[in-house]
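As stored in run.cif (mmCIF, C-alpha atoms):
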data_work
#
loop_
_atom_site.label_atom_id
_atom_site.label_comp_id
_atom_site.auth_asym_id
_atom_site.auth_seq_id
_atom_site.Cartn_x
_atom_site.Cartn_y
_atom_site.Cartn_z
CA MET A 1 0.00 0.00 0.00
CA ALA A 2 1.00 3.70 0.11
CA SER A 3 3.55 4.95 2.64
CA ARG A 4 0.78 6.35 4.88
CA HIS A 5 -0.75 2.87 4.97
CA LYS A 6 2.56 1.45 6.21
CA THR A 7 2.91 4.18 8.85
CA LEU A 8 -0.51 3.35 10.27
CA ILE A 9 0.35 -0.35 10.25
CA THR A 10 3.43 0.21 12.39
CA ALA A 11 1.43 2.18 14.94
CA LEU A 12 -1.52 -0.18 15.20
CA VAL A 13 -0.09 -3.72 15.43
CA GLY A 14 -2.02 -5.48 18.21
CA THR A 15 -2.67 -8.83 19.83
CA VAL A 16 -3.30 -11.77 17.49
CA ALA A 17 -6.93 -12.89 17.55
CA LEU A 18 -8.40 -16.40 17.27
CA ILE A 19 -9.86 -17.30 13.86
CA LEU A 20 -11.22 -20.85 13.51
CA ALA A 21 -13.52 -20.73 10.47
CA PRO A 22 -12.82 -20.26 6.74
CA ILE A 23 -13.44 -16.75 5.44
CA THR A 24 -16.05 -16.00 2.77
CA VAL A 25 -14.91 -13.12 0.58
CA ALA A 26 -17.61 -10.79 -0.75
CA GLY A 27 -17.76 -10.98 -4.52
CA ALA A 28 -18.62 -8.41 -7.12
CA SER A 29 -22.21 -7.94 -8.22
CA PRO A 30 -23.31 -5.78 -11.14
CA GLY A 31 -25.18 -2.52 -10.81
CA GLY A 32 -25.29 0.15 -8.15
CA GLY A 33 -28.48 -1.11 -6.51
CA GLY A 34 -29.39 2.50 -5.60
CA THR A 35 -26.05 3.10 -3.83
CA GLY A 36 -24.46 5.03 -6.63
CA ILE A 37 -21.57 2.55 -6.67
CA THR A 38 -20.85 0.10 -9.47
CA ALA A 39 -19.35 -3.29 -8.63
CA THR A 40 -15.88 -3.95 -10.06
CA PRO A 41 -14.84 -7.51 -11.02
CA ALA A 42 -11.78 -9.13 -9.45
CA SER A 43 -8.38 -8.44 -10.94
CA THR A 44 -4.74 -8.53 -9.81
CA VAL A 45 -3.08 -5.15 -9.26
CA ASN A 46 0.53 -4.20 -8.41
CA PHE A 47 1.03 -1.45 -5.81
CA ASP A 48 3.54 -0.14 -3.25
CA GLY A 49 5.81 0.90 -6.11
CA GLY A 50 5.61 -2.55 -7.66
CA ALA A 51 6.70 -4.32 -4.46
CA THR A 52 3.32 -5.99 -3.79
CA SER A 53 0.49 -7.49 -5.78
CA ALA A 54 -2.97 -8.65 -4.71
CA GLN A 55 -6.39 -9.41 -6.12
CA PHE A 56 -9.07 -6.77 -5.54
CA VAL A 57 -12.83 -6.95 -5.98
CA ARG A 58 -15.51 -4.33 -5.17
CA SER A 59 -19.16 -5.02 -4.46
CA ALA A 60 -22.02 -2.62 -5.17
CA SER A 61 -22.11 -1.80 -1.45
CA GLY A 62 -18.66 -0.24 -1.80
CA ILE A 63 -16.85 -2.92 0.25
CA ILE A 64 -13.49 -3.88 -1.27
CA ASN A 65 -11.75 -7.19 -0.57
CA GLU A 66 -8.03 -7.70 -1.10
CA THR A 67 -6.90 -11.35 -1.32
CA ASN A 68 -3.99 -13.40 -2.65
CA ARG A 69 -1.44 -10.82 -1.49
CA VAL A 70 2.14 -11.51 -2.72
CA ASN A 71 5.39 -9.76 -1.80
CA LEU A 72 7.06 -9.48 -5.20
CA LEU A 73 10.45 -8.79 -3.56
CA GLY A 74 10.42 -12.19 -1.83
CA GLY A 75 9.87 -10.97 1.72
CA SER A 76 7.01 -11.62 4.15
CA GLN A 77 3.54 -11.69 2.65
CA ASN A 78 2.38 -8.89 4.95
CA PRO A 79 3.65 -6.69 7.82
CA TRP A 80 1.06 -7.83 10.39
CA SER A 81 1.60 -11.56 10.81
CA THR A 82 3.83 -14.46 9.83
CA PHE A 83 0.68 -16.06 8.37
CA ASP A 84 -1.10 -15.07 5.15
CA VAL A 85 -3.86 -12.46 5.48
CA TRP A 86 -6.65 -10.90 3.49
CA LEU A 87 -7.95 -7.35 3.87
CA GLN A 88 -11.41 -5.87 3.77
CA PHE A 89 -11.94 -2.13 3.17
CA ARG A 90 -15.33 -0.89 4.44
CA PRO A 91 -16.28 2.68 3.31
CA LEU A 92 -16.87 5.31 5.98
CA THR A 93 -18.70 7.65 3.58
CA GLY A 94 -20.87 7.37 0.53
CA PRO A 95 -19.65 7.96 -3.03
CA SER A 96 -17.37 10.98 -3.49
CA GLY A 97 -17.18 11.48 0.27
CA LEU A 98 -20.86 12.44 0.57
CA GLY A 99 -23.65 10.84 2.53
CA LEU A 100 -23.71 7.90 4.92
CA PRO A 101 -21.75 4.68 4.26
CA VAL A 102 -23.67 2.12 2.23
CA ALA A 103 -22.41 -0.83 4.30
CA ASN A 104 -21.76 -1.28 8.02
CA PRO A 105 -18.21 0.06 8.51
CA ALA A 106 -17.47 -2.34 11.43
CA CYS A 107 -15.43 -5.49 10.84
CA ASP A 108 -17.70 -8.52 10.73
CA GLN A 109 -15.37 -10.92 12.60
CA SER A 110 -12.26 -10.95 14.80
CA THR A 111 -9.25 -9.23 13.27
CA ILE A 112 -5.51 -9.83 13.63
CA ILE A 113 -4.90 -6.21 14.67
CA PRO A 114 -7.32 -3.42 15.59
CA SER A 115 -8.99 -1.97 12.52
CA PHE A 116 -7.62 1.34 11.22
CA THR A 117 -8.68 4.03 8.74
CA TRP A 118 -6.98 4.52 5.40
CA TRP A 119 -7.51 6.38 2.12
CA ASN A 120 -6.04 5.64 -1.28
CA ASN A 121 -2.92 7.44 -2.43
CA ASN A 122 -1.92 4.98 -5.15
CA GLU A 123 -2.84 5.56 -8.77
CA SER A 124 -2.96 1.84 -9.61
CA LEU A 125 -5.69 1.30 -6.99
CA GLY A 126 -7.69 4.46 -7.65
CA GLY A 127 -11.16 4.72 -9.10
CA SER A 128 -14.51 6.40 -8.94
CA ALA A 129 -18.04 5.43 -7.96
CA THR A 130 -18.54 3.86 -11.39
CA SER A 131 -15.16 2.21 -12.03
CA GLY A 132 -11.99 0.97 -10.38
CA TYR A 133 -11.71 0.10 -6.71
CA PHE A 134 -11.01 2.91 -4.19
CA ILE A 135 -13.22 5.94 -4.75
CA ASP A 136 -11.21 9.16 -5.00
CA ARG A 137 -9.90 10.04 -1.51
CA ASN A 138 -12.75 8.41 0.42
CA VAL A 139 -11.81 7.03 3.86
CA TYR A 140 -12.12 3.31 4.56
CA ASN A 141 -12.07 1.21 7.73
CA VAL A 142 -9.50 -1.57 7.16
CA CYS A 143 -10.07 -5.07 8.63
CA VAL A 144 -7.15 -7.53 8.54
CA TYR A 145 -8.09 -11.24 8.74
CA TYR A 146 -6.19 -14.50 8.54
CA ALA A 147 -6.44 -15.94 5.04
CA TYR A 148 -6.78 -19.52 6.32
CA PRO A 149 -8.20 -21.15 9.47
CA PHE A 150 -5.93 -22.62 12.12
CA VAL A 151 -6.33 -26.37 12.56
CA LEU A 152 -5.18 -28.15 15.75
CA THR A 153 -5.38 -31.93 16.25
CA VAL A 154 -4.81 -34.31 19.15
CA LEU A 155 -4.21 -38.09 19.06
CA ALA A 156 -3.56 -40.80 21.63
CA ASN A 157 -0.77 -43.16 20.57
CA GLY A 158 -1.17 -41.89 17.02
CA SER A 159 -4.89 -42.77 16.85
CA SER A 160 -8.18 -40.91 17.12
CA SER A 161 -9.97 -44.05 18.37
CA GLY A 162 -9.17 -43.02 21.94
CA VAL A 163 -8.60 -46.57 23.23
CA SER A 164 -5.48 -47.65 25.09
CA TYR A 165 -4.74 -50.29 27.68
CA ASN A 166 -3.62 -50.52 31.26
CA GLY A 167 0.10 -51.18 31.32
CA GLN A 168 0.47 -49.54 27.89
CA SER A 169 2.09 -46.11 27.99
CA VAL A 170 0.16 -43.31 26.29
CA THR A 171 1.69 -40.53 24.17
CA TYR A 172 -0.46 -37.55 23.17
CA SER A 173 0.49 -35.88 19.91
CA GLY A 174 -0.88 -33.71 17.13
CA SER A 175 -0.19 -30.86 14.74
CA GLU A 176 -1.10 -27.22 14.19
CA THR A 177 -1.38 -25.66 10.75
CA ASN A 178 -2.58 -22.51 9.08
CA GLY A 179 -3.52 -23.55 5.55
CA SER A 180 -0.47 -25.48 4.35
CA GLN A 181 1.85 -23.63 6.72
CA PRO A 182 2.93 -25.32 9.99
CA VAL A 183 2.57 -23.27 13.15
CA THR A 184 6.01 -23.58 14.77
CA ASN A 185 7.28 -23.05 18.31
CA ASP A 186 3.75 -22.54 19.61
CA PRO A 187 2.93 -23.49 23.24
CA VAL A 188 0.24 -26.20 23.42
CA THR A 189 -1.89 -26.77 26.52
CA LEU A 190 -3.19 -30.34 26.87
CA THR A 191 -6.20 -30.46 29.19
CA LEU A 192 -7.19 -33.88 30.53
CA TRP A 193 -10.54 -34.63 32.14
CA GLY A 194 -11.48 -37.52 34.41
CA GLU A 195 -14.51 -38.40 32.29
CA HIS A 196 -15.70 -38.37 28.68
CA GLY A 197 -16.88 -35.18 26.98
CA CYS A 198 -14.10 -32.86 28.24
CA THR A 199 -16.13 -31.94 31.32
CA GLY A 200 -15.68 -32.26 35.06
CA SER A 201 -12.43 -32.07 36.99
CA SER A 202 -9.32 -31.54 34.86
CA TRP A 203 -5.58 -31.03 34.92
CA THR A 204 -3.17 -29.68 32.30
CA VAL A 205 0.25 -30.45 30.86
CA GLN A 206 2.31 -28.47 28.36
CA ALA A 207 3.93 -29.20 24.99
CA THR A 208 5.34 -27.06 22.15
CA THR A 209 5.09 -27.42 18.38
CA ASN A 210 8.38 -28.05 16.57
CA LEU A 211 9.64 -26.85 13.18
CA THR A 212 7.11 -29.09 11.37
CA GLY A 213 4.19 -27.86 13.48
CA THR A 214 3.87 -31.13 15.43
CA TYR A 215 4.02 -31.74 19.18
CA SER A 216 4.24 -34.77 21.47
CA TYR A 217 3.81 -35.45 25.18
CA PHE A 218 4.60 -38.78 26.88
CA ALA A 219 1.92 -39.30 29.55
CA GLY A 220 2.83 -42.76 30.83
CA ASN A 221 0.10 -45.12 32.03
CA ALA A 222 -3.17 -43.48 33.04
CA GLY A 223 -4.67 -46.65 34.54
CA VAL A 224 -8.03 -48.28 33.86
CA GLY A 225 -10.89 -45.79 33.43
CA THR A 226 -12.52 -43.24 31.11
CA TYR A 227 -10.90 -39.91 30.32
CA SER A 228 -10.89 -37.18 27.65
CA ILE A 229 -8.31 -34.75 26.30
CA GLN A 230 -8.27 -31.50 24.32
CA ALA A 231 -5.41 -29.39 22.96
CA SER A 232 -5.45 -25.60 22.76
CA THR A 233 -3.16 -22.77 21.63
CA LYS A 234 -3.60 -19.01 21.27
CA TYR A 235 -4.89 -19.69 17.75
CA ALA A 236 -7.07 -22.78 17.93
CA VAL A 237 -8.75 -25.51 20.00
CA SER A 238 -8.77 -29.17 18.96
CA PRO A 239 -11.84 -31.44 19.03
CA CYS A 240 -12.42 -33.31 22.30
CA LEU A 241 -10.94 -36.83 22.21
CA ASN A 242 -12.59 -39.40 24.50
CA LEU A 243 -10.17 -41.96 25.98
CA THR A 244 -10.91 -45.39 27.41
CA GLU A 245 -8.18 -47.18 29.35
CA LEU A 246 -8.94 -50.92 29.27
CA PRO A 247 -7.20 -53.77 31.07
CA ASN A 248 -4.94 -55.82 28.80
CA TYR A 249 -7.06 -58.91 29.38
CA ALA A 250 -10.81 -58.60 29.62
CA MET A 251 -13.01 -61.61 30.37
CA THR A 252 -16.71 -62.13 31.00
CA LEU A 253 -18.81 -65.05 32.29
CA LEU A 254 -22.59 -65.36 32.14
CA VAL A 255 -25.02 -68.02 33.34
CA ASN A 256 -28.02 -68.37 31.01
CA GLY A 257 -27.11 -64.94 29.61
CA ILE A 258 -27.13 -63.12 32.98
CA THR A 259 -24.81 -62.83 35.98
CA SER A 260 -27.14 -64.53 38.50
CA ASP A 261 -29.79 -67.22 37.95
CA THR A 262 -31.93 -69.71 39.87
CA VAL A 263 -32.38 -73.19 38.32
CA THR A 264 -33.80 -76.58 39.38
CA SER A 265 -31.57 -79.56 40.03
CA GLY A 266 -31.02 -81.60 36.87
CA SER A 267 -31.88 -78.75 34.50
CA SER A 268 -29.55 -77.61 31.73
CA ILE A 269 -27.48 -74.45 32.15
CA GLU A 270 -25.63 -72.44 29.51
CA TYR A 271 -22.33 -70.86 30.49
CA SER A 272 -20.86 -68.36 28.03
CA GLY A 273 -18.55 -65.38 27.82
CA THR A 274 -15.80 -63.52 25.98
CA LEU A 275 -12.03 -63.28 26.22
CA THR A 276 -10.13 -60.31 24.73
CA TYR A 277 -6.63 -58.88 24.85
CA ASN A 278 -6.11 -55.21 24.09
CA GLY A 279 -9.72 -55.09 22.94
CA VAL A 280 -9.33 -57.93 20.38
CA GLY A 281 -10.94 -61.34 20.85
CA LEU A 282 -8.49 -64.16 21.62
CA PRO A 283 -9.23 -67.22 19.46
CA ASN A 284 -8.48 -70.88 20.33
CA SER A 285 -7.97 -70.18 24.03
CA GLN A 286 -8.98 -72.73 26.65
CA VAL A 287 -11.25 -71.49 29.42
CA SER A 288 -11.59 -73.17 32.83
CA VAL A 289 -14.19 -72.55 35.55
CA ASN A 290 -13.74 -72.82 39.30
CA LEU A 291 -16.57 -73.24 41.82
CA TYR A 292 -16.75 -71.49 45.17
CA GLY A 293 -19.04 -72.80 47.92
CA SER A 294 -21.82 -70.72 49.46
CA VAL A 295 -20.17 -70.88 52.86
CA ASN A 296 -17.41 -68.63 51.49
CA GLY A 297 -19.84 -65.90 50.39
CA GLY A 298 -18.98 -65.36 46.73
CA CYS A 299 -15.76 -65.87 44.79
CA ALA A 300 -13.57 -64.43 47.54
CA GLY A 301 -13.12 -67.69 49.44
CA ASN A 302 -11.55 -71.05 48.70
CA ILE A 303 -12.15 -73.01 45.53
CA VAL A 304 -14.34 -76.06 46.28
CA GLY A 305 -14.24 -77.59 42.82
CA SER A 306 -13.69 -77.06 39.10
CA PHE A 307 -15.49 -77.98 35.92
CA SER A 308 -14.22 -81.26 34.52
CA ASN A 309 -14.24 -79.88 30.99
CA VAL A 310 -12.84 -76.77 29.32
CA ALA A 311 -14.31 -74.48 26.68
CA THR A 312 -12.43 -73.11 23.68
CA THR A 313 -12.92 -69.58 22.33
CA ASP A 314 -13.90 -69.06 18.70
CA GLY A 315 -12.26 -66.65 16.25
CA SER A 316 -13.83 -63.65 18.01
CA GLY A 317 -12.92 -64.73 21.53
CA ASN A 318 -16.40 -66.02 22.41
CA TYR A 319 -16.97 -69.31 24.25
CA VAL A 320 -19.99 -71.46 25.18
CA TRP A 321 -20.01 -74.60 27.36
CA GLY A 322 -21.56 -77.86 26.53
CA PRO A 323 -23.78 -79.46 26.47
CA ASN A 324 -21.81 -81.72 28.84
CA SER A 325 -21.83 -82.82 32.47
CA ASP A 326 -20.71 -79.36 33.61
CA THR A 327 -23.87 -77.77 32.20
CA VAL A 328 -26.31 -79.84 34.25
CA ALA A 329 -27.40 -78.35 37.61
CA GLY A 330 -26.21 -80.60 40.43
CA ASN A 331 -26.45 -80.30 44.21
CA VAL A 332 -28.99 -77.99 45.77
CA GLY A 333 -27.48 -74.81 47.12
CA THR A 334 -25.92 -71.51 46.06
CA TRP A 335 -22.74 -71.65 44.03
CA TYR A 336 -20.35 -69.03 42.78
CA LEU A 337 -18.36 -69.49 39.62
CA MET A 338 -15.44 -67.67 37.98
CA ALA A 339 -13.72 -68.40 34.67
CA THR A 340 -9.97 -68.12 34.03
CA SER A 341 -7.80 -68.26 30.93
CA ALA A 342 -4.45 -66.96 29.70
CA GLY A 343 -3.90 -64.85 32.80
CA ALA A 344 -7.39 -63.35 32.67
CA THR A 345 -10.08 -63.70 35.32
CA SER A 346 -13.78 -63.17 34.72
CA ASN A 347 -16.48 -61.63 36.87
CA CYS A 348 -18.16 -63.81 39.51
CA VAL A 349 -21.58 -65.32 38.69
CA THR A 350 -24.14 -66.86 41.07
CA VAL A 351 -26.13 -70.06 40.47
CA THR A 352 -28.82 -71.05 42.97
CA VAL A 353 -29.93 -74.69 42.56
CA THR A 354 -33.32 -75.68 43.96
CA SER A 355 -34.94 -79.11 44.22
#
Could you write out this structure as structure tokens?
Amino acid sequence: MASRHKTLITALVGTVALILAPITVAGASPGGGGTGITATPASTVNFDGGATSAQFVRSASGIINETNRVNLLGGSQNPWSTFDVWLQFRPLTGPSGLGLPVANPACDQSTIIPSFTWWNNNESLGGSATSGYFIDRNVYNVCVYYAYPFVLTVLANGSSSGVSYNGQSVTYSGSETNGSQPVTNDPVTLTLWGEHGCTGSSWTVQATTNLTGTYSYFAGNAGVGTYSIQASTKYAVSPCLNLTELPNYAMTLLVNGITSDTVTSGSSIEYSGTLTYNGVGLPNSQVSVNLYGSVNGGCAGNIVGSFSNVATTDGSGNYVWGPNSDTVAGNVGTWYLMATSAGATSNCVTVTVTS
């Protein structure tokens, strides 16, 4: 822009604002629509003494958008940010400096720096109400936006599935970009919650993006439970990632499809369950069942017997007993049963046998 433009820029650089959504640039539309201003189609114009080029387009409201800015001398794209920007010029007066502005002069979203006023002093950008871009010496409010949204991601052990396992260390990682440009050396706050949905009690840890815009934090073993995590920087916030910490082995046991049942002596019983490791069913594994007597009060006491047979899991880690002698209700009383296999132990089920 003109030298006055650059002087104002130096004086008005402010705090970087958060922009998370793509920008829609106002396009040109024909006719004045009663405003006295004619829309001008988009074209690329050189300015600042040939040091800069950009594409300009003017709508019938008088708003001018500058996009695709390029520093033709090979320097930074703009003087406000290390990231690409686009500018919007909103008129403060009507055509030829008379009357009220046609459009709202306020910026319509967060800006990188505070908006500032500017008027054209560059022949290549000049125009009138019926042609060109900037009308005579009219004053404009200038809004500076990021050209691209910031995108921040978070993963657990390189995955967005959010599942890890007790005894398995967890590393949180991700990346931050602005368009195709990595956001480097940016502090990242990782907030962890004690439940899903990124709500409830939380604690934070810190990481920093490297020269490729990526970051990593080794968190160790969180233990069995449900958690969630979200990354944030001064530019962006990642989606919430729900985490489930599972035991390495997981095993279930059911009696007639439930965890407690009452049957008559001599009737048939179905015992079934699943066996998984790291969330994947273990095939071709042998499953044994121990019996605990009612005098012990559940599966916390001594083993009083075991099934004479074993079950074998299928390709998905499922198993079903029988029919065999183990699946026939025997002595009257209350019995507690627990399955074991490959270092895994199931829940405790209750079978009450009546006469």
Residue contacts of region 306-319 of chain A (6 Å, only C-alpha atoms) excluding same-chain residues fewer than 2 positions away, as a PyMOL selection string: chain A and resi 272-275+281-291+321+326
Point-to-point distance from CA of Asn278 (chain A) to CA of Tyr227 (chain A), Å rounded to tenths: 17.2 Å
Target residues per the PyMOL selection byres ((chain A and resi 182) around 10), formatted as a count of residues only: 19
Selection result of the PyMOL selection byres ((chain A and resi 119) around 6) on this file, as a JSON list (two decimals) with C-alpha atoms, in the frame of the given file:
[["chain", "number", "residue", "atom", "x", "y", "z"],
["A", 118, "TRP", "CA", -6.98, 4.52, 5.40],
["A", 120, "ASN", "CA", -6.04, 5.64, -1.28],
["A", 137, "ARG", "CA", -9.90, 10.04, -1.51],
["A", 138, "ASN", "CA", -12.75, 8.41, 0.42],
["A", 139, "VAL", "CA", -11.81, 7.03, 3.86]]
Matched chain/residue IDs from the PyMOL selection byres ((chain A and resi 246) around 12), as a VMD selection string: chain A and resid 162 to 168 221 to 227 243 to 245 247 to 251 276 to 280
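We find CA of Arg58 (chain A) and CA of Ser76 (chain A) to be spaced 25.4 Å apart.
When the distance limit is 9 Å and only C-alpha atoms are what count, the residues near Pro101 (chain A), minus those fewer than 6 positions from it on the same chain, are Ser61, Gly62, Arg90, Pro91, Leu92, Thr93, Gly94 and Pro95 of chain A.
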Between CA of Leu152 (chain A) and CA of Ile229 (chain A) - distance in Å to one decimal: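 Spanning CA of Ile229 (chain A) to CA of Leu152 (chain A) is a straight-line distance of 12.8 Å.
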Distance criterion (all atoms listed in the file): nearest to Gly97 (chain A) out of A:Ile303, A:Val263, A:Ala129, A:Ala339: A:Ala129
Non-local contacts of region 53-55 of chain A (7 Å; all atoms listed in the file; under 6 positions in same chain excluded) as an MDAnalysis selection string: chainID A and resid 42:47 66:72
Proximity to Leu125 (chain A) - best of A:Gly194, A:Pro187, A:Gly50, A:Gly75, only C-alpha atoms: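 Ranking A:Gly194, A:Pro187, A:Gly50, A:Gly75 by distance to Leu125 (chain A), first place goes to A:Gly50.
Distances from A:Ile63, A:Tyr235, A:Thr345, A:Ser268 to Ser110 (chain A) were compared using all atoms listed in the file, and the smallest one belongs to A:Tyr235.
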Exercise: region 144-147 of chain A partners within 7 Å, all atoms listed in the file, chain neighbours under 4 positions left out, as a PyMOL selection string: chain A and resi 84-88+111-113
Quick one: 3 Å padding each side, axis-aligned, all listed atoms of region 87-96 of chain A - centre and edge lengths in Å to one decimal, as AutoDock Vina command-line options?
--center_x -14.4 --center_y 1.8 --center_z 1.2 --size_x 18.9 --size_y 24.3 --size_z 15.5
Contact residues around Pro239 (chain A) with only C-alpha atoms at 8 Å, ignoring same-chain residues under 4 positions, as a ChimeraX atom specification: /A:153-154,230-231
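Considering the residues A:Thr38, A:Ser202, A:Asn302, A:Thr350 and counting only C-alpha atoms, Tyr271 (chain A) has its shortest atom-to-atom contact with A:Thr350.
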N, CA and C atoms are what I want for region 37-57 of chain A; can you complete it accordingly and write them as an mmCIF file, keeping the file's coordinate frame?
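That gives us result-v5.cif:
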data_model
loop_
_atom_site.group_PDB
_atom_site.id
_atom_site.type_symbol
_atom_site.label_atom_id
_atom_site.label_comp_id
_atom_site.auth_asym_id
_atom_site.auth_seq_id
_atom_site.Cartn_x
_atom_site.Cartn_y
_atom_site.Cartn_z
ATOM 1 N N ILE A 37 -22.862 3.205 -6.476
ATOM 2 C CA ILE A 37 -21.570 2.550 -6.670
ATOM 3 C C ILE A 37 -21.744 1.356 -7.600
ATOM 4 N N THR A 38 -20.832 1.236 -8.543
ATOM 5 C CA THR A 38 -20.850 0.100 -9.470
ATOM 6 C C THR A 38 -19.838 -0.935 -9.011
ATOM 7 N N ALA A 39 -20.256 -2.205 -9.001
ATOM 8 C CA ALA A 39 -19.350 -3.290 -8.630
ATOM 9 C C ALA A 39 -18.231 -3.405 -9.661
ATOM 10 N N THR A 40 -17.029 -3.766 -9.178
ATOM 11 C CA THR A 40 -15.880 -3.950 -10.060
ATOM 12 C C THR A 40 -15.398 -5.391 -9.954
ATOM 13 N N PRO A 41 -15.285 -6.102 -11.065
ATOM 14 C CA PRO A 41 -14.840 -7.510 -11.020
ATOM 15 C C PRO A 41 -13.433 -7.642 -10.462
ATOM 16 N N ALA A 42 -13.089 -8.851 -10.037
ATOM 17 C CA ALA A 42 -11.780 -9.130 -9.450
ATOM 18 C C ALA A 42 -10.679 -9.046 -10.502
ATOM 19 N N SER A 43 -9.565 -8.456 -10.100
ATOM 20 C CA SER A 43 -8.380 -8.440 -10.940
ATOM 21 C C SER A 43 -7.158 -8.264 -10.049
ATOM 22 N N THR A 44 -5.995 -8.640 -10.571
ATOM 23 C CA THR A 44 -4.740 -8.530 -9.810
ATOM 24 C C THR A 44 -4.067 -7.205 -10.149
ATOM 25 N N VAL A 45 -3.651 -6.490 -9.089
ATOM 26 C CA VAL A 45 -3.080 -5.150 -9.260
ATOM 27 C C VAL A 45 -1.752 -5.088 -8.500
ATOM 28 N N ASN A 46 -0.742 -4.467 -9.102
ATOM 29 C CA ASN A 46 0.530 -4.200 -8.410
ATOM 30 C C ASN A 46 0.446 -2.829 -7.729
ATOM 31 N N PHE A 47 1.038 -2.719 -6.526
ATOM 32 C CA PHE A 47 1.030 -1.450 -5.810
ATOM 33 C C PHE A 47 2.281 -1.382 -4.933
ATOM 34 N N ASP A 48 2.352 -0.384 -4.063
ATOM 35 C CA ASP A 48 3.540 -0.140 -3.250
ATOM 36 C C ASP A 48 4.795 -0.039 -4.125
ATOM 37 N N GLY A 49 4.678 0.712 -5.212
ATOM 38 C CA GLY A 49 5.810 0.900 -6.110
ATOM 39 C C GLY A 49 6.239 -0.370 -6.797
ATOM 40 N N GLY A 50 5.308 -1.280 -7.008
ATOM 41 C CA GLY A 50 5.610 -2.550 -7.660
ATOM 42 C C GLY A 50 6.150 -3.612 -6.731
ATOM 43 N N ALA A 51 6.163 -3.348 -5.406
ATOM 44 C CA ALA A 51 6.700 -4.320 -4.460
ATOM 45 C C ALA A 51 5.686 -5.381 -4.061
ATOM 46 N N THR A 52 4.386 -5.090 -4.250
ATOM 47 C CA THR A 52 3.320 -5.990 -3.790
ATOM 48 C C THR A 52 2.263 -6.118 -4.858
ATOM 49 N N SER A 53 1.658 -7.296 -4.919
ATOM 50 C CA SER A 53 0.490 -7.490 -5.780
ATOM 51 C C SER A 53 -0.593 -8.186 -4.963
ATOM 52 N N ALA A 54 -1.843 -7.998 -5.373
ATOM 53 C CA ALA A 54 -2.970 -8.650 -4.710
ATOM 54 C C ALA A 54 -4.164 -8.600 -5.651
ATOM 55 N N GLN A 55 -5.147 -9.425 -5.350
ATOM 56 C CA GLN A 55 -6.390 -9.410 -6.120
ATOM 57 C C GLN A 55 -7.410 -8.554 -5.394
ATOM 58 N N PHE A 56 -8.065 -7.651 -6.124
ATOM 59 C CA PHE A 56 -9.070 -6.770 -5.540
ATOM 60 C C PHE A 56 -10.411 -7.030 -6.216
ATOM 61 N N VAL A 57 -11.478 -6.867 -5.445
ATOM 62 C CA VAL A 57 -12.830 -6.950 -5.980
ATOM 63 C C VAL A 57 -13.704 -6.007 -5.168
#
